[in-house]
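One structure is given below, encoded as structure tokens.
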Amino acid sequence: MSKKDNRRTFLSKTAIATLAALVGSKVVFAENFPDELEPVGLQPDQVNDKLPGKSDQLKILNSKPWSAETPPHLLDDEVTPAHLMFVRNNGIPPEEIDVHKWTLTIDGESVVKPMTFGIKELMDNFEHYSKHLTIECGGNGRAEFNPPAKGNQWGLGGVACTKWTGVRLRDVLNKVGMKGDAVYIGYYGADTHLSGDPDKVVISRGVPIKKALEDETLIAWAMNNEAIPVMNGYPLRLVCGGWPASTSGKWLTRISVRNKEHDGAKMEGQSYRVPKFPVPPGTKVPDDQMKIIESMPVKSIITYPKTGAVIPKGGSFEVRGHAWAGDLKVKKMEISIDFGVNWRSCELKEPINRLAWQSWKIDVKLPEFGYYEIWARATDEKGVAQPMVLPGWNPKGYLNNASHRIAVRQG
Amino acid sequence: MEELPKKELVLKQAKLAINFGAGVLAFASIWVFQFTIFPDFFKPEPAIVEFVPDTTGPVFETYFELDSADIENGIHVPTGLIVDDGCQDVMVTCGACHSLDLVTQNRATRDGWKEIIVWMQETQKLWDLGEKEVVILDYLAKNYAPENTGRRKNIENIEWYNL
């Protein structure tokens, strides 16, 4: 461990890491195994003593288990840098990780015969794919709900879009062989429960088989051409873009193909569920009236300028950010500088690939001296737009996609 | 006639010595076997017991004083908790499993906090809080009560800067 640390420190202290990042082709492939599968190190200015591999600019919501979000103005890159990707842990991450011995088992009622793969076997036996995928915590935006919902009080920054490299879950499942009655998959990871009980599963969620078999659903060993950061699931992670991040199992050790809706930890009760029908704020909703969250809703963030900008008289400035819509594409991006009275369309880029967020920008000039708010509103390909106020209240505070607002002033 | 018993005596002594030697060797090898190779060999198999959390309640039964140097403007700085009756109980009870950030960032009514406790007892292995429950609920309901923020709050705490 210390040997690796030393090597990493050495790398980050020299320009090699920076050079490699510039050259940019350091994708982790089987021929490099396992040298390139070391946990991502840190640039000296990004060291966060508390949260390994993460910027000290992240806002820590919880230290046990770790949860930290990214201030929106630090999400300006089209590809979120690893040290700026949010962290949401449910338990204690595994400590001693040996990539040589790490295995992934595919089992469950609906496989023909369970199989176990090492990471190198996955690399050697299946086609590799890289996809830019938006991952957003289901509870992103929870802080605004009224009455408040319990849990980590996420603001806007429980979201990231990074490049994931690995194999398609579909290819692996086809190799193992599925029975005709497969309806769901459920993952298991190597993290441990906060109570210290070694047998208690921390979190084991999943997706319907249709989502599992999509082109973009990956079993990934690399993020942004490097090993996955420890806090984001090193060395192996299931990635289901566009769905609550809790469906993308970290420290992945097992995937069960189920002949029924997966019933793992945090699949049931009220976890990652919303009422089947709209309810007044504060309603107690019985478990059987709750449904599992699937695709995340349409949403956008303003990543530039940072809120609080004072603009010189007559000056114009660029406003930009990203927009995403779960399984769908964003077709329109607008902003308002007059509290929603008038809306202007922004230039909206195509996603790098399906399920990646889309960057947008627009030049803005404030008409006169005063206080303004810039509101951002995305509309998905089905015509569904973000609300200006809080969307439907739900007991656990999920899916807040209310318009992002920043404050600006003309001096 | 005397030589034979003498021979036998010698033989007997030799046998005795050999047996003794063998005994020592056997004992020594068992000793080595047990203490160096398999130190737990003769210990009984540990019974497989289901994990049982500490049900005796808070780790510190006795009341302890907060260090006044840690308190600023009514906040216990190391934990972020508001200093009030029950603060120490929250510290040792809630802090036993998770960060106290999870307390300070949440707001709920007394019923709401009670529900959170019940949820943790049903799903997260929280123990029966006994008489401490009232103390903890009093503290949380008073200090971490919800405020009505309406359907959307004003943008607050803006740090102005020149772009």
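Ordering of the structure tokens sets the chain letters (A, B, ...); residue numbers start at 1 within each chain; ligands are numbered from 1 in the order shown.
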Could you write out as a PyMOL selection string the residues of chain A within 9 Å of chain B, counting only C-alpha atoms? chain A and resi 60-66+143-153+193-199+305+307-312+317+373+388-391+405-409
Name the residues of region 57-272 of chain A that come out as strand (DSSP E or B) in a backbone DSSP run; write them as a PyMOL selection string. chain A and resi 59-63+66-69+87-88+92+103-107+111+115-118+128-136+159-168+178+184-189+192+206-208+218-223+226-227+237-239+244+252-258
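Between CA of Val202 (chain A) and CA of Pro275 (chain A) the separation is 23.8 Å.
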Could you give me, as a ChimeraX atom specification, the residues within 6 Å of region 112-126 of chain A, counting only C-alpha atoms and dropping anything in the same chain fewer than 3 positions from it? /A:30,102-107,177-178
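Computed from the coordinates, the CA of Tyr272 (chain A) to CA of Asp56 (chain A) distance equals 28.5 Å.
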If we count only C-alpha atoms, what is near Asp89 (chain B) at a cut-off of 8 Å, once residues fewer than 3 positions away on the same chain are taken out, given as an mmCIF file with C-alpha atoms, in the first residue's frame?
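File produced: part.cif:
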```cif
data_model
loop_
_atom_site.group_PDB
_atom_site.id
_atom_site.type_symbol
_atom_site.label_atom_id
_atom_site.label_comp_id
_atom_site.auth_asym_id
_atom_site.auth_seq_id
_atom_site.Cartn_x
_atom_site.Cartn_y
_atom_site.Cartn_z
ATOM 1 C CA PRO B 58 -25.160 4.790 25.371
ATOM 2 C CA GLY B 86 -29.407 16.126 26.026
ATOM 3 C CA VAL B 92 -22.768 9.300 22.258
ATOM 4 C CA THR B 93 -25.957 7.661 20.970
ATOM 5 C CA LYS B 132 -32.727 8.247 26.980
ATOM 6 C CA VAL B 135 -34.110 13.181 26.534
ATOM 7 C CA ILE B 136 -32.947 12.795 22.940
#
```
For region 276-283 of chain A, work out the shell of residues within 6 Å, counting only C-alpha atoms and skipping chain neighbours fewer than 4 positions away, then give it as an NGL selection string. :A and (147 or 289-291 or 393)
Given the selection you just returned, output its residues as a file containing N, CA and C atoms, formatted as a PDB file, in the first residue's frame.
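Listing of part01.pdb after writing:
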```pdb
ATOM      1  N   PRO A 147     -42.417  20.255   4.069  1.00  0.00           N
ATOM      2  CA  PRO A 147     -41.554  19.971   5.211  1.00  0.00           C
ATOM      3  C   PRO A 147     -40.293  19.194   4.809  1.00  0.00           C
ATOM      4  N   GLN A 289     -47.967   2.210  -1.260  1.00  0.00           N
ATOM      5  CA  GLN A 289     -48.404   3.256  -2.196  1.00  0.00           C
ATOM      6  C   GLN A 289     -47.197   4.000  -2.795  1.00  0.00           C
ATOM      7  N   MET A 290     -46.020   3.414  -2.608  1.00  0.00           N
ATOM      8  CA  MET A 290     -44.799   4.023  -3.139  1.00  0.00           C
ATOM      9  C   MET A 290     -44.304   3.201  -4.332  1.00  0.00           C
ATOM     10  N   LYS A 291     -43.667   3.891  -5.283  1.00  0.00           N
ATOM     11  CA  LYS A 291     -43.107   3.187  -6.453  1.00  0.00           C
ATOM     12  C   LYS A 291     -41.620   3.506  -6.606  1.00  0.00           C
ATOM     13  N   TRP A 393     -43.965  17.096  -3.714  1.00  0.00           N
ATOM     14  CA  TRP A 393     -43.357  16.711  -2.447  1.00  0.00           C
ATOM     15  C   TRP A 393     -43.435  15.201  -2.299  1.00  0.00           C
TER      16      TRP A 393
END
```
Ser246 (chain A): which residues within 9 Å, counting only C-alpha atoms, same-chain residues fewer than 6 positions away excluded, as a compact mmCIF listing (two decimals) with C-alpha atoms, in the first residue's frame?
```
# COMPACT_ATOMS: atom_id res chain seq x y z
CA ARG A 88 -22.46 9.33 -1.59
CA GLU A 136 -27.14 11.86 -10.18
CA CYS A 137 -28.00 11.03 -6.61
CA GLY A 138 -31.75 10.36 -6.28
CA ILE A 203 -27.12 -1.41 -0.12
CA SER A 204 -28.13 -3.76 -2.92
CA ARG A 205 -30.19 -2.13 -5.60
CA GLY A 206 -30.62 -2.70 -9.29
CA TYR A 272 -35.53 5.47 -3.52
```
Name all residues at most 8 Å from Ile293 (chain A) (count only C-alpha atoms; drop same-chain ones fewer than 5 positions away) and give them as an MDAnalysis selection string. chainID A and resid 243:244 272:274
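Using only C-alpha atoms for every distance, the candidate list A:Lys299, A:Glu294, A:Ile92, A:His404 yields A:Ile92 as the residue closest to Lys200 (chain A).
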Check region 20-212 of chain A with DSSP on the backbone and list each residue it calls alpha helix (DSSP H), as a PyMOL selection string. chain A and resi 20-23+119-125+169-176+209-212
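We find CA of Trp127 (chain B) and CA of Leu140 (chain B) to be spaced 17.9 Å apart.
You can rank A:Asp380, A:Glu95, A:Glu368, A:Asp363 by their closest distance to Gly326 (chain A) using only C-alpha atoms, and at the top of that list sits A:Asp380.
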